[in-house]
file target17.cif (mmCIF, C-alpha atoms)
data_work
loop_
_atom_site.label_atom_id
_atom_site.label_comp_id
_atom_site.auth_asym_id
_atom_site.auth_seq_id
_atom_site.Cartn_x
_atom_site.Cartn_y
_atom_site.Cartn_z
CA MET A 156 -57.49 17.81 -84.19
CA SER A 157 -60.19 19.27 -86.45
CA THR A 158 -59.24 21.95 -88.97
CA LYS A 159 -61.22 25.19 -89.23
CA VAL A 160 -62.69 26.21 -92.56
CA GLN A 161 -60.98 29.60 -92.18
CA ASP A 162 -57.56 27.89 -92.01
CA VAL A 163 -58.25 25.98 -95.22
CA GLU A 164 -59.55 29.12 -96.90
CA ASP A 165 -56.40 31.05 -95.95
CA GLU A 166 -54.15 28.29 -97.26
CA LEU A 167 -56.08 28.02 -100.55
CA GLN A 168 -55.92 31.80 -101.04
CA ARG A 169 -52.17 31.61 -100.47
CA ARG A 170 -51.70 28.70 -102.87
CA LEU A 171 -53.88 30.20 -105.58
CA ASP A 172 -52.33 33.68 -105.20
CA ILE A 173 -55.50 35.29 -106.46
CA GLY A 174 -54.86 38.79 -107.78
CA THR A 175 -57.18 41.76 -108.36
CA GLY A 176 -58.59 41.21 -111.85
CA GLU A 177 -58.71 37.41 -111.67
CA SER A 178 -61.88 35.37 -111.50
CA ALA A 179 -63.36 36.00 -108.07
CA ILE A 180 -63.50 33.09 -105.65
CA THR A 181 -66.17 34.07 -103.15
CA ASP A 182 -66.66 32.61 -99.69
CA ALA A 183 -69.80 30.89 -100.97
CA ASN A 184 -67.81 29.22 -103.77
CA LEU A 185 -65.07 28.14 -101.37
CA PHE A 186 -67.54 26.74 -98.85
CA ASP A 187 -69.34 24.79 -101.58
CA VAL A 188 -66.09 23.31 -102.93
CA MET A 189 -64.78 22.42 -99.46
CA ASN A 190 -68.11 20.86 -98.51
CA LYS A 191 -68.22 18.65 -101.62
CA VAL A 192 -64.56 17.66 -101.22
CA GLN A 193 -65.14 16.63 -97.60
CA GLN A 194 -68.20 14.61 -98.61
CA THR A 195 -66.23 12.88 -101.38
CA ILE A 196 -63.31 11.95 -99.14
CA ASN A 197 -65.62 10.79 -96.37
CA PHE A 198 -67.47 8.53 -98.81
CA ALA A 199 -64.29 7.16 -100.38
CA LEU A 200 -62.44 6.54 -97.11
CA ARG A 201 -65.44 5.63 -94.90
CA ARG A 202 -64.40 8.11 -92.21
CA ARG A 203 -67.73 8.76 -90.48
CA ILE A 204 -69.25 5.45 -89.37
CA THR A 205 -72.09 5.34 -86.88
CA THR A 206 -74.83 2.98 -85.67
CA GLY A 207 -78.57 3.47 -85.61
CA THR A 208 -81.81 1.52 -85.80
CA PHE A 209 -84.77 1.47 -88.17
CA THR A 210 -88.06 -0.38 -88.26
CA ALA A 211 -88.57 -2.56 -91.32
CA ALA A 212 -91.96 -2.40 -93.02
CA THR A 213 -94.27 -5.24 -92.00
CA THR A 214 -95.04 -6.34 -95.55
CA LYS A 215 -93.33 -9.35 -97.05
CA THR A 216 -92.81 -7.54 -100.37
CA ALA A 217 -91.31 -4.39 -98.81
CA LEU A 218 -87.71 -5.29 -99.54
CA PHE A 219 -86.04 -2.13 -100.84
CA TYR A 220 -85.04 0.79 -98.61
CA THR A 221 -83.40 4.04 -99.61
CA THR A 222 -80.61 5.20 -97.33
CA THR A 223 -82.65 8.21 -96.19
CA ALA A 224 -85.47 5.87 -95.18
CA ILE A 225 -82.99 4.11 -92.90
CA ALA A 226 -81.65 7.36 -91.43
CA ALA A 227 -81.73 10.97 -92.60
CA ASP A 228 -77.92 11.19 -92.53
CA CYS A 229 -77.24 7.70 -93.94
CA LEU A 230 -75.05 7.62 -97.06
CA GLN A 231 -74.49 3.87 -97.34
CA VAL A 232 -75.26 0.81 -95.23
CA GLN A 233 -72.20 -1.04 -93.92
CA ALA A 234 -73.78 -3.84 -91.83
CA LEU A 235 -77.18 -4.99 -90.55
CA TYR A 236 -78.06 -6.89 -87.38
CA LEU A 237 -81.25 -8.43 -86.05
CA SER A 238 -80.81 -8.40 -82.29
CA THR A 239 -77.35 -9.96 -81.83
CA ARG A 240 -77.43 -11.87 -85.12
CA THR A 241 -75.39 -10.59 -88.05
CA ILE A 242 -77.41 -10.48 -91.26
CA MET A 243 -75.36 -11.85 -94.14
CA ARG A 244 -74.30 -9.35 -96.78
CA LEU A 245 -74.37 -10.52 -100.39
CA PRO A 246 -71.88 -9.04 -102.90
CA SER A 247 -74.74 -8.29 -105.31
CA TRP A 248 -78.48 -7.90 -104.79
CA THR A 249 -79.06 -10.10 -107.87
CA GLN A 250 -77.81 -13.06 -105.81
CA MET A 251 -81.08 -12.97 -103.83
CA LYS A 252 -82.39 -15.46 -106.41
CA GLN A 253 -80.21 -18.09 -104.74
CA TYR A 254 -82.73 -18.03 -101.89
CA ASP A 255 -85.88 -17.84 -103.97
CA ARG A 256 -86.23 -17.47 -107.74
CA ASN A 257 -89.20 -15.16 -107.17
CA TRP A 258 -87.76 -13.40 -104.13
CA TRP A 259 -88.87 -9.93 -105.23
CA SER A 260 -92.54 -10.92 -105.24
CA THR A 261 -92.90 -13.70 -102.69
CA GLY A 262 -90.59 -12.24 -100.03
CA GLY A 263 -89.74 -15.74 -98.83
CA ALA A 264 -91.26 -17.70 -95.98
CA ALA A 265 -88.64 -17.50 -93.23
CA GLY A 266 -90.28 -14.59 -91.48
CA ARG A 267 -87.00 -12.99 -90.44
CA VAL A 268 -84.32 -11.14 -92.38
CA GLU A 269 -81.58 -13.49 -93.60
CA ALA A 270 -79.55 -11.43 -96.09
CA TRP A 271 -79.05 -7.94 -97.47
CA SER A 272 -77.14 -6.17 -100.21
CA HIS A 273 -76.46 -2.73 -101.63
CA VAL A 274 -78.54 -1.49 -104.53
CA GLY A 275 -76.39 1.18 -106.09
CA HIS A 276 -74.97 3.71 -103.64
CA ASN A 277 -78.15 4.96 -102.02
CA ALA A 278 -80.35 1.94 -101.34
CA ALA A 279 -80.33 -1.50 -99.77
CA VAL A 280 -82.43 -4.60 -100.18
CA ILE A 281 -83.26 -7.13 -97.46
CA TYR A 282 -84.58 -10.69 -97.75
CA PRO A 283 -87.08 -11.94 -96.87
CA GLY A 284 -89.65 -9.24 -96.21
CA VAL A 285 -90.46 -8.74 -92.53
CA LYS A 286 -93.71 -10.32 -91.33
CA THR A 287 -93.50 -9.50 -87.63
CA ALA A 288 -94.71 -6.09 -86.51
CA ASN A 289 -92.17 -3.59 -85.20
CA THR A 290 -89.11 -5.53 -86.35
CA THR A 291 -86.18 -3.27 -85.51
CA LEU A 292 -82.89 -3.72 -87.32
CA THR A 293 -79.59 -2.31 -86.11
CA CYS A 294 -77.72 -0.62 -88.92
CA VAL A 295 -74.06 0.36 -89.10
CA TYR A 296 -73.82 3.03 -91.76
CA LEU A 297 -71.65 5.68 -93.35
CA GLN A 298 -72.87 9.01 -92.03
CA ASP A 299 -73.04 12.18 -94.10
CA THR A 300 -70.83 15.07 -93.02
CA THR A 301 -72.37 18.29 -91.77
CA THR A 302 -72.48 21.17 -94.25
CA LEU A 303 -69.60 23.63 -94.18
CA ASN A 304 -71.04 27.12 -94.62
CA SER A 305 -69.09 29.30 -92.19
CA SER A 306 -65.45 30.20 -91.63
CA ASP A 307 -65.82 28.99 -88.05
CA ASP A 308 -67.04 25.51 -89.02
CA LEU A 309 -64.74 22.54 -88.42
CA PHE A 310 -63.87 19.80 -90.86
CA TYR A 311 -64.90 16.37 -89.65
CA LEU A 312 -61.86 14.85 -91.38
CA GLY A 313 -58.69 14.39 -89.34
CA ASP A 314 -55.32 16.00 -89.94
CA HIS A 315 -54.10 12.94 -91.88
CA ASP A 316 -56.73 13.58 -94.58
CA MET A 317 -56.26 17.32 -94.97
CA ALA A 318 -53.54 17.01 -97.63
CA LEU A 319 -56.18 15.45 -99.88
CA VAL A 320 -58.61 18.25 -99.03
CA TYR A 321 -56.09 20.93 -100.03
CA ASP A 322 -55.13 19.14 -103.24
CA LEU A 323 -58.68 18.45 -104.40
CA CYS A 324 -59.93 21.95 -103.55
CA GLU A 325 -56.99 23.52 -105.32
CA ILE A 326 -57.55 21.43 -108.46
CA ILE A 327 -61.25 22.33 -108.60
CA LEU A 328 -60.63 26.05 -108.07
CA LEU A 329 -57.81 26.18 -110.64
CA ALA A 330 -60.08 24.50 -113.17
CA HIS A 331 -62.79 27.04 -112.33
CA MET A 332 -60.35 29.87 -113.03
CA ARG A 333 -59.20 28.20 -116.28
CA ARG A 334 -55.62 27.96 -115.03
CA ILE A 335 -55.23 24.64 -116.81
CA PRO A 336 -51.41 24.15 -116.81
CA GLU A 337 -51.34 24.66 -113.02
CA CYS A 338 -54.35 22.40 -112.64
CA VAL A 339 -52.55 19.61 -114.53
CA GLU A 340 -49.50 19.96 -112.25
CA ARG A 341 -51.70 19.70 -109.14
CA VAL A 342 -53.36 16.57 -110.54
CA LYS A 343 -49.91 14.99 -110.89
CA LYS A 344 -49.19 15.92 -107.26
CA LEU A 345 -52.49 14.39 -106.15
CA GLU A 346 -51.62 11.15 -107.93
CA LYS A 347 -48.57 10.89 -105.66
CA ASP A 348 -50.37 12.00 -102.49
CA ILE A 349 -53.07 9.40 -102.93
CA ILE A 350 -50.69 6.42 -103.22
CA PRO A 351 -50.56 5.71 -99.45
CA TYR A 352 -54.36 5.51 -99.33
CA LEU A 353 -54.42 3.13 -102.29
CA GLU A 354 -51.67 0.93 -100.86
CA GLY A 355 -53.44 0.84 -97.51
CA GLY A 356 -56.64 -0.30 -99.16
CA GLU A 357 -58.54 2.70 -97.82
CA TRP A 358 -59.72 4.31 -101.03
CA VAL A 359 -62.98 2.74 -102.29
#
call {"tool": "encode", "arguments": {"input": "target17.cif", "output": "structure tokens"}}
result
Amino acid sequence: MSTKVQDVEDELQRRLDIGTGESAITDANLFDVMNKVQQTINFALRRRITTGTFTAATTKTALFYTTTAIAADCLQVQALYLSTRTIMRLPSWTQMKQYDRNWWSTGGAAGRVEAWSHVGHNAAVIYPGVKTANTTLTCVYLQDTTTLNSSDDLFYLGDHDMALVYDLCEIILLAHMRRIPECVERVKKLEKDIIPYLEGGEWV
């Protein structure tokens, strides 16, 4: 079940026990913090995976693609397919030289995509460059979360991730209010809360 922003806001106000004279935490500040926390957890835990298609450029030296060129809501590529064929993912884009020492300029001669790799967090490289017009690749990718900017908005994250949302939001807001001793205590709590995710191999 999705959690409403208003419910998270109410819980954070209760935890923080903000009094009259303390640094104001406005709705805009809360929405911004909650939005960034959700984006961070989604990226770390790969919660929002979807599939789309994109057309590779028909130039043999067009090898690099930003995530937004693949899809407007793409954060990171997870897998690529050409028709029903899985395109091999390399651990590092520098390993493209195993195919061709001058791969970045020649683009290879195979005429169809054989391998791909991440380039940082917001780009991907394919090899060789596509030479056939309208070559459509199927892409499985991590999808960005929608912006939280209203009390009626719903978190995309499930109930099992909300403990992390509360902890991270609370830490950020306590730091903002310069309540450092409390912030340190919450960080210690987060270190315990995050153990199941680390042991399960979920946290990237």
call {"tool": "atom_distance", "arguments": {"input": "target17.cif", "atom1": "atom CA of A:Leu245", "atom2": "atom CA of A:Thr195"}}
result
24.8 Å
call {"tool": "resolve_selection", "arguments": {"input": "target17.cif", "expression": "the PyMOL selection byres ((chain A and resi 272) around 10)", "output": "ChimeraX atom specification"}}
result
/A:219,232-235,242-251,270-271,273-275,278-282
call {"tool": "resolve_selection", "arguments": {"input": "target17.cif", "expression": "the PyMOL selection byres ((chain A and resi 297-305) around 9)", "output": "ChimeraX atom specification"}}
result
/A:160-161,182-183,186-187,189-191,193-194,197-198,201-206,226-233,295-296,306-311
call {"tool": "closest_residue", "arguments": {"input": "target17.cif", "among": "A:Ala217, A:Glu346, A:Leu312, A:Cys324", "to": "A:Pro283", "atoms": "only C-alpha atoms"}}
result
A:Ala217
call {"tool": "residues_around", "arguments": {"input": "target17.cif", "residues": "stretch 336-339 of chain A", "least_positions_apart": "5", "cutoff": "10 Å", "atoms": "all atoms listed in the file", "output": "VMD selection string"}}
result
chain A and resid 171 322 325 to 331 344 to 345
call {"tool": "atom_distance", "arguments": {"input": "target17.cif", "atom1": "atom CA of A:Gly284", "atom2": "atom CA of A:Thr223"}}
result
18.8 Å
call {"tool": "atom_distance", "arguments": {"input": "target17.cif", "atom1": "atom CA of A:His315", "atom2": "atom CA of A:Asp162"}}
result
15.3 Å
call {"tool": "closest_residue", "arguments": {"input": "target17.cif", "among": "A:Thr210, A:Thr290, A:Tyr321, A:Asp316", "to": "A:Glu164", "atoms": "all atoms listed in the file"}}
result
A:Tyr321
call {"tool": "closest_residue", "arguments": {"input": "target17.cif", "among": "A:Met317, A:Thr221, A:Leu323, A:Arg334", "to": "A:Ser157", "atoms": "all atoms listed in the file"}}
result
A:Met317
call {"tool": "build_atoms", "arguments": {"input": "target17.cif", "residues": "stretch 273-309 of chain A", "atoms": "N, CA and C atoms", "output": "CSV table (one decimal), in the frame of the given file"}}
result
chain,number,residue,atom,x,y,z
A,273,HIS,N,-76.3,-4.1,-101.1
A,273,HIS,CA,-76.5,-2.7,-101.6
A,273,HIS,C,-77.2,-2.8,-103.0
A,274,VAL,N,-78.0,-1.7,-103.2
A,274,VAL,CA,-78.5,-1.5,-104.5
A,274,VAL,C,-78.1,-0.1,-105.0
A,275,GLY,N,-77.0,-0.1,-105.8
A,275,GLY,CA,-76.4,1.2,-106.1
A,275,GLY,C,-75.7,1.7,-104.9
A,276,HIS,N,-75.6,3.1,-104.8
A,276,HIS,CA,-75.0,3.7,-103.6
A,276,HIS,C,-76.0,4.2,-102.6
A,277,ASN,N,-77.2,4.3,-103.0
A,277,ASN,CA,-78.2,5.0,-102.0
A,277,ASN,C,-79.4,4.1,-101.7
A,278,ALA,N,-79.2,2.8,-101.7
A,278,ALA,CA,-80.4,1.9,-101.3
A,278,ALA,C,-79.8,0.6,-100.9
A,279,ALA,N,-80.7,-0.1,-100.2
A,279,ALA,CA,-80.3,-1.5,-99.8
A,279,ALA,C,-81.6,-2.4,-99.9
A,280,VAL,N,-81.3,-3.7,-100.1
A,280,VAL,CA,-82.4,-4.6,-100.2
A,280,VAL,C,-82.2,-5.7,-99.1
A,281,ILE,N,-83.3,-6.1,-98.5
A,281,ILE,CA,-83.3,-7.1,-97.5
A,281,ILE,C,-84.1,-8.3,-97.9
A,282,TYR,N,-83.8,-9.5,-97.4
A,282,TYR,CA,-84.6,-10.7,-97.8
A,282,TYR,C,-84.6,-11.6,-96.5
A,283,PRO,N,-85.8,-12.2,-96.3
A,283,PRO,CA,-87.1,-11.9,-96.9
A,283,PRO,C,-87.7,-10.7,-96.3
A,284,GLY,N,-88.9,-10.3,-96.8
A,284,GLY,CA,-89.6,-9.2,-96.2
A,284,GLY,C,-90.1,-9.6,-94.8
A,285,VAL,N,-90.1,-8.5,-94.0
A,285,VAL,CA,-90.5,-8.7,-92.5
A,285,VAL,C,-92.0,-9.0,-92.4
A,286,LYS,N,-92.3,-10.0,-91.6
A,286,LYS,CA,-93.7,-10.3,-91.3
A,286,LYS,C,-94.1,-10.1,-89.9
A,287,THR,N,-93.2,-9.8,-89.0
A,287,THR,CA,-93.5,-9.5,-87.6
A,287,THR,C,-93.5,-8.0,-87.4
A,288,ALA,N,-94.6,-7.5,-86.7
A,288,ALA,CA,-94.7,-6.1,-86.5
A,288,ALA,C,-93.6,-5.5,-85.7
A,289,ASN,N,-93.2,-4.3,-86.0
A,289,ASN,CA,-92.2,-3.6,-85.2
A,289,ASN,C,-90.8,-4.3,-85.2
A,290,THR,N,-90.4,-4.9,-86.3
A,290,THR,CA,-89.1,-5.5,-86.4
A,290,THR,C,-88.0,-4.5,-86.5
A,291,THR,N,-87.2,-4.3,-85.5
A,291,THR,CA,-86.2,-3.3,-85.5
A,291,THR,C,-84.8,-3.9,-85.9
A,292,LEU,N,-84.2,-3.3,-86.9
A,292,LEU,CA,-82.9,-3.7,-87.3
A,292,LEU,C,-81.8,-2.7,-86.9
A,293,THR,N,-80.7,-3.2,-86.4
A,293,THR,CA,-79.6,-2.3,-86.1
A,293,THR,C,-78.8,-2.1,-87.4
A,294,CYS,N,-78.4,-0.9,-87.7
A,294,CYS,CA,-77.7,-0.6,-88.9
A,294,CYS,C,-76.4,0.2,-88.6
A,295,VAL,N,-75.3,-0.4,-89.1
A,295,VAL,CA,-74.1,0.4,-89.1
A,295,VAL,C,-74.0,1.0,-90.5
A,296,TYR,N,-73.8,2.3,-90.5
A,296,TYR,CA,-73.8,3.0,-91.8
A,296,TYR,C,-72.8,4.2,-91.8
A,297,LEU,N,-72.5,4.5,-93.1
A,297,LEU,CA,-71.6,5.7,-93.4
A,297,LEU,C,-72.5,6.9,-93.2
A,298,GLN,N,-72.1,7.8,-92.4
A,298,GLN,CA,-72.9,9.0,-92.0
A,298,GLN,C,-72.4,10.2,-92.8
A,299,ASP,N,-73.4,11.0,-93.3
A,299,ASP,CA,-73.0,12.2,-94.1
A,299,ASP,C,-72.4,13.2,-93.2
A,300,THR,N,-71.5,14.0,-93.8
A,300,THR,CA,-70.8,15.1,-93.0
A,300,THR,C,-71.7,16.3,-92.9
A,301,THR,N,-71.6,17.1,-91.9
A,301,THR,CA,-72.4,18.3,-91.8
A,301,THR,C,-71.9,19.3,-92.8
A,302,THR,N,-72.8,20.2,-93.2
A,302,THR,CA,-72.5,21.2,-94.2
A,302,THR,C,-71.5,22.2,-93.7
A,303,LEU,N,-70.5,22.6,-94.5
A,303,LEU,CA,-69.6,23.6,-94.2
A,303,LEU,C,-70.1,24.9,-94.8
A,304,ASN,N,-70.5,25.9,-94.0
A,304,ASN,CA,-71.0,27.1,-94.6
A,304,ASN,C,-70.6,28.3,-93.8
A,305,SER,N,-69.6,28.2,-93.0
A,305,SER,CA,-69.1,29.3,-92.2
A,305,SER,C,-67.6,29.1,-92.0
A,306,SER,N,-66.9,30.2,-91.9
A,306,SER,CA,-65.4,30.2,-91.6
A,306,SER,C,-65.1,29.6,-90.3
A,307,ASP,N,-66.1,29.6,-89.4
A,307,ASP,CA,-65.8,29.0,-88.0
A,307,ASP,C,-66.1,27.5,-88.0
A,308,ASP,N,-66.7,26.9,-89.0
A,308,ASP,CA,-67.0,25.5,-89.0
A,308,ASP,C,-65.8,24.7,-89.0
A,309,LEU,N,-65.9,23.5,-88.5
A,309,LEU,CA,-64.7,22.5,-88.4
A,309,LEU,C,-64.9,21.4,-89.4
